[in-house]
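Notes for the one structure printed next.
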Amino acid sequence: MKIKTYLLNQETKFIWIVTFISILISLSFSSTGYAQIADFTISRYCNLNKGNGVELIRYIKNSDLQTLIGDSTTSEPIKVYFIDQKVDFGNGKVRPMNQTLLNIFTNWQLPECKVNNVGAELDSEKPEPTKIWAPFTYIPERIAANWNIRTTWTNQTRNLSSMDYYVNPYIQAFGGDPLGIPFAYGVGTGITIGFGTPYSGPMETDFVSGGLHFAIFNVAVTSHVKEFVLKYSSGSNQEIESPNAWLGNWNNLFTPHLGIDFAMEIPVVRVSYFATIDTLDGINDPPITVLNEVTGEPMKNNIVRGQHFGFEIRTPNLIFYNSTRAKFYFAKQFGEYHLGYVGREMKIDDFIFDFRMDATFPGPRDFQLLTELYIDSPWPGFANKSFGIGPSLRLGSTPSNNFGVISAFINARFKIGDFFDKNIY
């Protein structure tokens, strides 16, 4: 009896082992042996601007599924699975086959873009052949493929006629457009706060401002924070220092202890008047002096005093690399002329970034070129694009009497609120 029971137990164990191994083999074949096969594929670089491709364009844009080249050409293959009831738009963006997508793909009207995938494997695509210099040309090719610059008259109330043009939810650690917080929409009532000028970078100026905006007018009180530049001379006009390698202590902008700025701002142009109120002449603290190592002359700084008229002329409704907050501008502030570009939330493929470039023409200071690139946060919801950080580089005349790096530092910008009224913007 014991022997029979033992054999029965062993037989039961053997059955369980065989069953377990069979399940493992089944799972192995289902996960690795057979790849899911798409019913057909809409090829990359397919122009969708006809037939039911127009409806597919609308669906892609509304759901932000991929970047369309020239607003109508696919940048990634679109793989359609009728059996599995899903559509793969590339870059990991898979959507269930809803009624809209079913209507689009059931009677597909662009056969030149349709690739039937009988026997083709989705999950094991062969790598495309590339040339040996592809690592060096890939980024320029993607920049060229995503080229997108245009003006638009659709939903551009903010950029063409709104009194709320000043509204800006982004604040930068150094320089850039001032933060604009609205109290009420439609009448342009709010406050503005700025650290640096719209044309300055990290540790370039001590300028700060806080103002009240009403309708198209802005009045701001200005001052300076001495720690925002490197550095002051502690009361001596004769203090001479060697140049700093990372944070240039020359070609900087120094502003008075107290000033006032009046401005009129409309989407196309901003005009302003600045007046000095107090310079603290009794305890004046001028910037240090850095000498040109070749000529022996002091390197330039712009020490702002007295009165200054300024302006900024800009493009009002530009879309550049998918950025709706992009502008090219020509401006004058504190006796200096500037030419530059600012782009918020630009997009190349799935890479979202901010870019800023400003050229300061020779005058109170020497010529310089400021470039900044911020990599945006990818998180969903309010956190999406709420934070950006990246390098800031300032190039110009150096104490060694050549053209080189004045400063190399990190700048950052933050989104501190959702201030945009969808009825206006």
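In the structure tokens, chains take the letters A, B, ... in the order shown, each chain's residues start at 1, and ligands count up from 1 in the order shown.
Contact shell of stretch 102-111 of chain A at 10 Å (only C-alpha atoms; same-chain neighbours under 3 positions omitted): Phe40, Ile42, Cys46, Asn47, Leu48, Asn49, Lys50, Gly51, Asn52, Gly53, Val54, Glu55, Leu56, Tyr59, Val80, Tyr81, Phe82, Gln85, Lys86, Val87, Pro96, Met97, Asn98, Gln99, Lys114, Val115 and Asn116 of chain A.
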Practice item. Write out as number ranges by chain all residues of stretch 311-349 of chain A that DSSP puts in strand (DSSP E or B) for this structure's backbone. Key: A: 311-314, 318-320, 323-333, 336-348
Exercise for review: May I ask for the distance between atom CA of A:Ala184 and atom CA of A:Ala220, given in Å to one decimal place?
Suggested key: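 Calculated distance between atom CA of A:Ala184 and atom CA of A:Ala220 is 18.5 Å.
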Could the residues of stretch 357-414 of chain A that have an atom at most 9 Å from stretch 197-213 of chain A be listed as a Markdown table, each with its closest atom pair and the distance in Å to one decimal, counting only C-alpha atoms and ordered by chain and ascending residue number?
```
| residue | atom | partner | partner_atom | distance |
| --- | --- | --- | --- | --- |
| A:Met357 | CA | A:Tyr199 | CA | 8.7 |
| A:Asp358 | CA | A:Tyr199 | CA | 6.3 |
| A:Ala359 | CA | A:Tyr199 | CA | 8.5 |
| A:Thr360 | CA | A:Tyr199 | CA | 8.3 |
| A:Leu370 | CA | A:Gly201 | CA | 7.1 |
| A:Thr371 | CA | A:Gly201 | CA | 8.6 |
| A:Glu372 | CA | A:Gly201 | CA | 8.4 |
| A:Ser392 | CA | A:Gly201 | CA | 7.1 |
| A:Leu393 | CA | A:Gly201 | CA | 8.2 |
| A:Arg394 | CA | A:Gly201 | CA | 7.7 |
| A:Ser407 | CA | A:Pro202 | CA | 8.2 |
| A:Ala408 | CA | A:Pro202 | CA | 8.6 |
| A:Phe409 | CA | A:Pro202 | CA | 6.8 |
| A:Ile410 | CA | A:Pro202 | CA | 7.5 |
| A:Asn411 | CA | A:Pro202 | CA | 6.6 |
```
Please report as a Markdown table every residue of stretch 150-227 of chain A lying within 6 Å of stretch 256-268 of chain A, along with the nearest atom pair and their distance in Å (one decimal), using only C-alpha atoms.
```
| residue | atom | partner | partner_atom | distance |
| --- | --- | --- | --- | --- |
| A:Asn159 | CA | A:Pro267 | CA | 5.4 |
| A:Leu160 | CA | A:Pro267 | CA | 5.8 |
| A:Ile216 | CA | A:Glu265 | CA | 5.2 |
| A:Phe217 | CA | A:Met264 | CA | 4.6 |
| A:Asn218 | CA | A:Ala263 | CA | 5.1 |
| A:Val219 | CA | A:Phe262 | CA | 4.7 |
| A:Ala220 | CA | A:Asp261 | CA | 5.1 |
| A:Val221 | CA | A:Ile260 | CA | 4.7 |
| A:Thr222 | CA | A:Gly259 | CA | 4.9 |
| A:Ser223 | CA | A:Leu258 | CA | 4.7 |
| A:His224 | CA | A:His257 | CA | 5.8 |
```
Exercise for review: Within 7 Å of A:Asp164, counting only C-alpha atoms, which residues show up once you throw out same-chain ones fewer than 3 positions away? Write them as a list of chain:residue names, please.
Suggested key: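 Within the cut-off, the hits are A:Arg158, A:Val167, A:Tyr185, A:Gly186, A:Gly188.
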Review point. How many Å separate atom CA of A:Lys327 from atom CA of A:Asn148?
Key: 13.8 Å
Check your understanding: What gap, in Å, lies between atom CA of A:Gln333 and atom CA of A:Met299?
Key ->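 Separation between atom CA of A:Gln333 and atom CA of A:Met299: 20.4 Å.
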Exercise for review: Rank nothing, just name the residue among A:Val304, A:Leu291, A:Leu230, A:Ile139 nearest to A:Thr279, using only C-alpha atoms.
Suggested key: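 The answer is A:Val304, which sits nearest to A:Thr279.
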Set the distance at 8 Å and use only C-alpha atoms: which residues neighbour A:Ile416 once local chain neighbours fewer than 2 positions away are removed? I'd like the list as a PDB file with N, CA and C atoms, in the first residue's frame.
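In the end it all went to around.pdb:
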```
ATOM      1  N   PRO A 169       4.220  83.235 -17.885  1.00  0.00           N
ATOM      2  CA  PRO A 169       4.317  82.390 -16.697  1.00  0.00           C
ATOM      3  C   PRO A 169       5.731  81.914 -16.395  1.00  0.00           C
ATOM      4  N   TYR A 170       6.701  82.292 -17.243  1.00  0.00           N
ATOM      5  CA  TYR A 170       8.061  81.808 -17.082  1.00  0.00           C
ATOM      6  C   TYR A 170       8.952  82.877 -16.460  1.00  0.00           C
ATOM      7  N   ILE A 171       9.769  82.459 -15.510  1.00  0.00           N
ATOM      8  CA  ILE A 171      10.762  83.357 -14.945  1.00  0.00           C
ATOM      9  C   ILE A 171      12.125  82.689 -15.065  1.00  0.00           C
ATOM     10  N   SER A 386       7.586  72.602 -17.286  1.00  0.00           N
ATOM     11  CA  SER A 386       7.574  73.583 -16.200  1.00  0.00           C
ATOM     12  C   SER A 386       8.969  74.017 -15.791  1.00  0.00           C
ATOM     13  N   PHE A 414      11.700  78.657 -14.981  1.00  0.00           N
ATOM     14  CA  PHE A 414      10.653  77.942 -14.263  1.00  0.00           C
ATOM     15  C   PHE A 414       9.289  78.465 -14.703  1.00  0.00           C
ATOM     16  N   ASP A 418      -0.220  78.696 -14.404  1.00  0.00           N
ATOM     17  CA  ASP A 418      -0.943  78.658 -15.693  1.00  0.00           C
ATOM     18  C   ASP A 418      -1.744  79.946 -15.791  1.00  0.00           C
TER      19      ASP A 418
END
```
